[in-house]
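Participant: Here you go, one structure.
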Amino acid sequence: MIRLICQTKLTCIIARTSFLQCGFSSKAVCLTQQSRNHFDSPALDFDSYEYAKILQDCIENGEPRRGMGLHCEILKRGGCLDLFANNILLNMYVKLELLSDAHSLFEDMPELNTISFVTLIQGLLESQRFVEGINLFVRLHREGRELNGFVFTTLLKLLVRMGCAQLGWNLHASIYKLGHDANAFVATALIDAYSICGHIDIARHVFDSIIFKDMVSWTGMITCYAENDCFEDALELFYQMRMVGFKPNNFTFASVLKACLGLEALNTGQSIHAFVIKSQYEEDQFVGLALLDLYTKSGDIVDACRVFEEMPKTDVVPWSFMIARYAQKDQCDEAIGLFLQMRQALVSPNQFTCASVLQACATIENLFLGKQIHSHIIKVCLDSNVFVSNALMDVYAKCGEIDNSMKLFVESPNINNVTWNTMIVGYVQLGDGEKALTLFSSMLRFQVPATEVTYSSALRACASISALELGLQIHSLIVKTIYDKDIAVANAMIDMYSKCGGIRDARLVFDKLFERDEVSWNAMISGYSMHGLGVEALKVFEMMQKTRCKPNKLTFVGVLSACSNAGLLEQGQAYFNSMTQDYSIEPCIEHYTCMVGLFGRLGHLDKAMKLIEEIPFEPSVMVWRALLGACVIHNDVELGRKAAEQVLEMEPQDDATHVLLSNLYANAKRWNNVAFVRKSMKKKGVKKEPGLSWIENQGMVHYFSVGDNSHSDMKLIRGMLEWLNIKTWKAGYVPNCDAVLLQVEDDEKERLLWLHSERLALAFGLIRTTSGSPIRIIKNLRICIDCHAAIKSISKIVKRDIVVRDINRFHNFHDGICSCGDCW
DNA sequence: ATAGGGTTAG
């Protein structure tokens with residue numbers, strides 16, 4: 001250490017020069033101040049170069065305040081810095097992001113050069129003040145300053161950051177003319193601009209013209225290939241780069257790993273991983289994320305977890321990444337667990353973390369955690385983020401609190417088309433097709449761009465309320481968009497047409513499909529099944545087996561229900577066995593339910609009961625309800641009562657079961673039992689869901705309930721019913737008064753039968769539609785047995801096709817016959 | 001002597 005026993009000014013200057021050279025600028029300043037006090041001589045002031053050195057030192061040591069203090073002192077002393085020192089000072093302000101200071105210094109500088117301009121442009125670029133940056137370049141150009149490579153690299157970066165990478169093309173000619181294209185820095189910036197525009201070949205041309213390629217330019221070209229899906233080229237170039245002797249860095253590794261992911265080359269990725277470890281980049285965040293991306297997308301969760309464990313986790317990004325991946329892969333418990341771990345590690349979640357963990361909450365319907373996160377979101381003001389608020393709406397919708405979703409939807413400051421979709425999907429899943437369609441039409445009115453999600457959900461809504469006319473309108477909208485070719489939309493369309501009674505149109509859409517996935521096949525099979533067209537359903541299933549699409553659980557639900565709805569016993573049994581033997585699909589409760597229904601409706605109640613006993617797990621209400629339905633058809637009171645007891649033990653409030661049981665007793669004329677069931681319903685507070693039938697006419701839906709007087713056309717409807725009563729009676733139809741479960745006189749029962757909701761809807765349809773056209777009615781419950789008989793007769797009398805969709809399936813009445821074959 | 005190039009999650 002040199003101590004301050006300064007005898008002369010000369011020794012002082014020598015000492016501080018040594019300090020400066022060794023990087024101890026603060027000591028040099030200190031020494032100077034002391035000696036200045038001692039000798040009181042201006043000769044001891046720093047010169048411009050020395051000031052520059054000190055400022056540089058301040059920047060490098062991260063001591064901005066000292067640098068600023070020095071600048072103040074220089075100004076106070078009336079000192080003057082030269083261009084070189086001023087440029088360093090300018091750079092200091094830029095690095096400190098003190099743009100206004102940098103700007104005023106720039107304007108005050110007596111002399112400027114290209115370096116001054118480039119430095120300030122760089123500062124403007126970093127603080128997103130792009131237009132000012134461009135203006136400064138224009139000034140530089142106009143003043144005829146030197147256009148060196150630095151100018152072009154900075155300018156190219158500016159354009160890329162502005163999102164105007166394609167303008168880089170305009171600079172290329174000047175760059176070429178001035179010979180800067182051989183410069184690795186300029187060329188790499190050009191490669192990046194071309195990469196963003198997808199001009200891979202030009203980028204490669206630029207790369208090839210670099211005389212001295214460095215590691216960054218190799219990496220830039222590799223990244224260009226990786227970003228533009230030329231994964232093989234990326235790996236090939238990586239290989240060449242190593243041959244030439246360059247060591248990859250973290251950027252290189254990140255891009256090469258992306259290429260491995262693109263090629264689904266897990267093995268290559270693993271060897272790159274080993275290379276990463278050898279090069280000691282395993283703690284780098286970008287490399288780590290690329291590895292996580294590769295492993296999670298390849299389904300290698302063990303290696304993904306290992307990489308994650310090794311990564312430094314002070315930053316929110318790796319946490320968010322893993323939580324998002326878990327949530328996307330429906331591993332919601334893992335996502336939530338990781339979120340809790342992250343909180344324990346005192347890392348605070350950002351908008352991405354919140355959106356992902358909320359997605360997980362929505363999937364597993366964890367409203368409790370969802371609400372906790374909601375309050376956190378409000379606390380940290382993330383609720384204005386559209387991704388976060390969309391995810392929140394989804395949580396409330398999936399957890400059955402759609403009113404809360406609606407509240408958020410109305411109040412959110414930022415919404416987009418995904419927000420609309422979330423709400424529409426929410427209502428569709430809740431079964432409220434009308435609300436979903438109302439939202440859909442508002443969305444169109446507000447000109448919010450619809451997506452495949454919008455269209456498929458709107459079609460699902462139509463399917464749920466059987467709104468064929470609306471469905472047709474939406475179809476014609478879709479034809480005008482690019483979503484015409486979307487498979488999910490087409491599948492929803494197949495479903496819509498079949499659920500709205502247009503099974504032929506469903507088939508038409510199905511036949512026109514360019515490619516079909518499992519969902520398409522399943523939709524077509526269940527469509528035929530609903531219409532009782534079992535043979536057609538099985539034909540489609542046979543077709544499916546000839547394709548690469550593998551039948552899944554749902555396919556067999558469709559196939560077996562088709563057999564059940566069409567009463568195809570042998571085929572049903574064969575497919576049930578084949579499912580386990582040939583496809584290794586374990587039968588689940590839905591499959592058993594179909595089989596019980598199949599045995600049951602054909603009168604093999606013993607076989608149905610035997611199958612139930614063979615179920616290797618606890619049979620659900622669905623199975624027992626199917627058995628009960630069969631017992632009602634075949635008047636097996638004892639077994640029916642047993643089935644009903646099972647259902648009511650699990651779901652004491654189930655109204656449909658009470659009604660079926662009461663029907664069963666009424667068929668057997670056991671009025672005491674009927675009364676008992678009624679009484680117990682009253683005691684338990686069980687209310688029969690009111691029967692409702694509806695019919696669509698000229699875009700309007702008309703609803704009818706039993707004995708409904710409210711419709712404006714009621715006089716005409718009454719007249720029509722009176723006429724039908726006489727006509728059907730003459731045609732041999734005898735009212736089945738057992739279908740009326742009240743203990744009243746038969747005259748009264750007959751009168752009540754003619755007021756059933758499906759008949760009111762039918763009469764309205766006959767009045768308001770052109771003769772000969774088909775009539776479509778939807779009912780929210782099972783069609784009544786007597787209405788079924790009456791409508792068969794009516795279809796012959798009025799020579800009309802009448803389609804009734806009840807809760808289970810379609811009944812297609814034509815010339816006195818129903819497609820269900822009287823078994824449903 | 002002072003200015004410049006390439007990546008991240010929903």
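Chains: A, B, ... in order of the structure tokens. Residues: from 1 per chain. Ligands: from 1, in order shown.
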Taking the chain letters and numbering used in this document, name the residues of region 127-270 of chain A that DSSP puts in helix (DSSP H, G or I), as a PyMOL selection string.

Facilitator: chain A and resi 130-142+149-162+165-177+180-182+184-197+200-209+215-227+231-244+250-262+266-270

Participant: Would you list which chain B residues are within 6 Å of chain A using only C-alpha atoms (C1' of nucleotides), as a list in words?

Facilitator: DT2, DA3, DG4, DG5, DG6, DA9 and DG10 of chain B

Participant: Please save N, CA and C atoms (P, O5', C5', C4', C3', O3' and C1' of nucleotides) of the selected residues as a short mmCIF file (atom, residue, chain, number, x, y, z; two decimals), in the first residue's frame.

Facilitator:
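The resulting out-v7.cif:
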data_model
loop_
_atom_site.label_atom_id
_atom_site.label_comp_id
_atom_site.auth_asym_id
_atom_site.auth_seq_id
_atom_site.Cartn_x
_atom_site.Cartn_y
_atom_site.Cartn_z
P DT B 2 -12.52 0.53 -24.83
"O5'" DT B 2 -13.67 1.61 -24.98
"C5'" DT B 2 -14.27 2.16 -23.81
"C4'" DT B 2 -15.34 3.14 -24.21
"C3'" DT B 2 -16.38 2.59 -25.15
"O3'" DT B 2 -17.39 1.95 -24.40
"C1'" DT B 2 -15.71 4.79 -25.80
P DA B 3 -17.98 0.56 -24.82
"O5'" DA B 3 -19.03 0.97 -25.93
"C5'" DA B 3 -20.25 1.63 -25.55
"C4'" DA B 3 -21.17 1.71 -26.74
"C3'" DA B 3 -21.44 0.36 -27.39
"O3'" DA B 3 -22.58 -0.20 -26.77
"C1'" DA B 3 -20.97 2.03 -29.03
P DG B 4 -22.69 -1.72 -26.52
"O5'" DG B 4 -23.05 -2.28 -27.96
"C5'" DG B 4 -24.25 -1.88 -28.63
"C4'" DG B 4 -24.36 -2.62 -29.93
"C3'" DG B 4 -24.44 -4.13 -29.79
"O3'" DG B 4 -25.81 -4.48 -29.63
"C1'" DG B 4 -22.98 -3.50 -31.57
P DG B 5 -26.18 -5.78 -28.95
"O5'" DG B 5 -26.07 -6.84 -30.13
"C5'" DG B 5 -26.79 -6.64 -31.34
"C4'" DG B 5 -26.78 -7.92 -32.15
"C3'" DG B 5 -27.28 -9.14 -31.38
"O3'" DG B 5 -28.69 -9.23 -31.56
"C1'" DG B 5 -25.27 -9.65 -32.58
P DG B 6 -29.57 -9.66 -30.40
"O5'" DG B 6 -29.76 -11.23 -30.59
"C5'" DG B 6 -30.17 -11.77 -31.84
"C4'" DG B 6 -29.95 -13.26 -31.79
"C3'" DG B 6 -30.72 -13.95 -30.65
"O3'" DG B 6 -31.93 -14.47 -31.20
"C1'" DG B 6 -28.44 -14.65 -30.68
P DA B 9 -42.13 -19.56 -24.03
"O5'" DA B 9 -42.77 -20.03 -22.66
"C5'" DA B 9 -42.73 -21.41 -22.30
"C4'" DA B 9 -43.64 -21.63 -21.12
"C3'" DA B 9 -45.08 -21.22 -21.40
"O3'" DA B 9 -45.90 -22.39 -21.36
"C1'" DA B 9 -44.24 -20.11 -19.45
P DG B 10 -47.21 -22.35 -22.32
"O5'" DG B 10 -48.25 -21.61 -21.40
"C5'" DG B 10 -48.78 -22.27 -20.27
"C4'" DG B 10 -50.06 -21.54 -19.90
"C3'" DG B 10 -51.13 -21.69 -20.97
"O3'" DG B 10 -52.22 -22.44 -20.43
"C1'" DG B 10 -50.81 -19.40 -20.39
#

Participant: One decimal, in Å: what's the spacing between CA of Gly67 (chain A) and CA of Tyr51 (chain A)?

Facilitator: 9.7 Å

Participant: Counting only C-alpha atoms (C1' of nucleotides), what is within 6 Å of Ile695 (chain A), bar same-chain residues fewer than 6 positions away, as a ChimeraX atom specification?

Facilitator: /A:701-702,777

Participant: Could you please take those selected residues and save all heavy atoms as a PDB file, in the first residue's frame?

Facilitator:
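After the write, again.pdb holds the following:
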ATOM      1  N   VAL A 701     -88.730 -20.904 -30.155  1.00  0.00           N
ATOM      2  CA  VAL A 701     -88.987 -22.160 -29.466  1.00  0.00           C
ATOM      3  C   VAL A 701     -90.269 -22.011 -28.650  1.00  0.00           C
ATOM      4  O   VAL A 701     -90.437 -21.049 -27.902  1.00  0.00           O
ATOM      5  CB  VAL A 701     -87.805 -22.522 -28.546  1.00  0.00           C
ATOM      6  CG1 VAL A 701     -88.067 -23.840 -27.830  1.00  0.00           C
ATOM      7  CG2 VAL A 701     -86.522 -22.617 -29.356  1.00  0.00           C
ATOM      8  N   HIS A 702     -91.232 -22.932 -28.856  1.00  0.00           N
ATOM      9  CA  HIS A 702     -92.512 -22.888 -28.125  1.00  0.00           C
ATOM     10  C   HIS A 702     -92.541 -24.019 -27.111  1.00  0.00           C
ATOM     11  O   HIS A 702     -92.394 -25.180 -27.472  1.00  0.00           O
ATOM     12  CB  HIS A 702     -93.682 -23.040 -29.108  1.00  0.00           C
ATOM     13  CG  HIS A 702     -93.709 -21.970 -30.161  1.00  0.00           C
ATOM     14  ND1 HIS A 702     -94.554 -20.898 -30.108  1.00  0.00           N
ATOM     15  CD2 HIS A 702     -92.940 -21.794 -31.277  1.00  0.00           C
ATOM     16  CE1 HIS A 702     -94.341 -20.110 -31.155  1.00  0.00           C
ATOM     17  NE2 HIS A 702     -93.359 -20.641 -31.886  1.00  0.00           N
ATOM     18  N   ILE A 777     -90.313 -32.732 -32.176  1.00  0.00           N
ATOM     19  CA  ILE A 777     -90.681 -32.339 -30.812  1.00  0.00           C
ATOM     20  C   ILE A 777     -89.594 -32.851 -29.868  1.00  0.00           C
ATOM     21  O   ILE A 777     -89.055 -33.951 -30.071  1.00  0.00           O
ATOM     22  CB  ILE A 777     -92.043 -32.947 -30.414  1.00  0.00           C
ATOM     23  CG1 ILE A 777     -93.130 -32.349 -31.302  1.00  0.00           C
ATOM     24  CG2 ILE A 777     -92.354 -32.723 -28.943  1.00  0.00           C
ATOM     25  CD1 ILE A 777     -94.397 -33.138 -31.313  1.00  0.00           C
TER      26      ILE A 777
END

Participant: Extract, using only C-alpha atoms (C1' of nucleotides), all DNA, RNA and protein residues at most 12 Å from Ser127 (chain A), discarding same-chain residues fewer than 5 positions from it, and format them as a ChimeraX atom specification.

Facilitator: /A:94-100,120-122,132-133,158,161-162
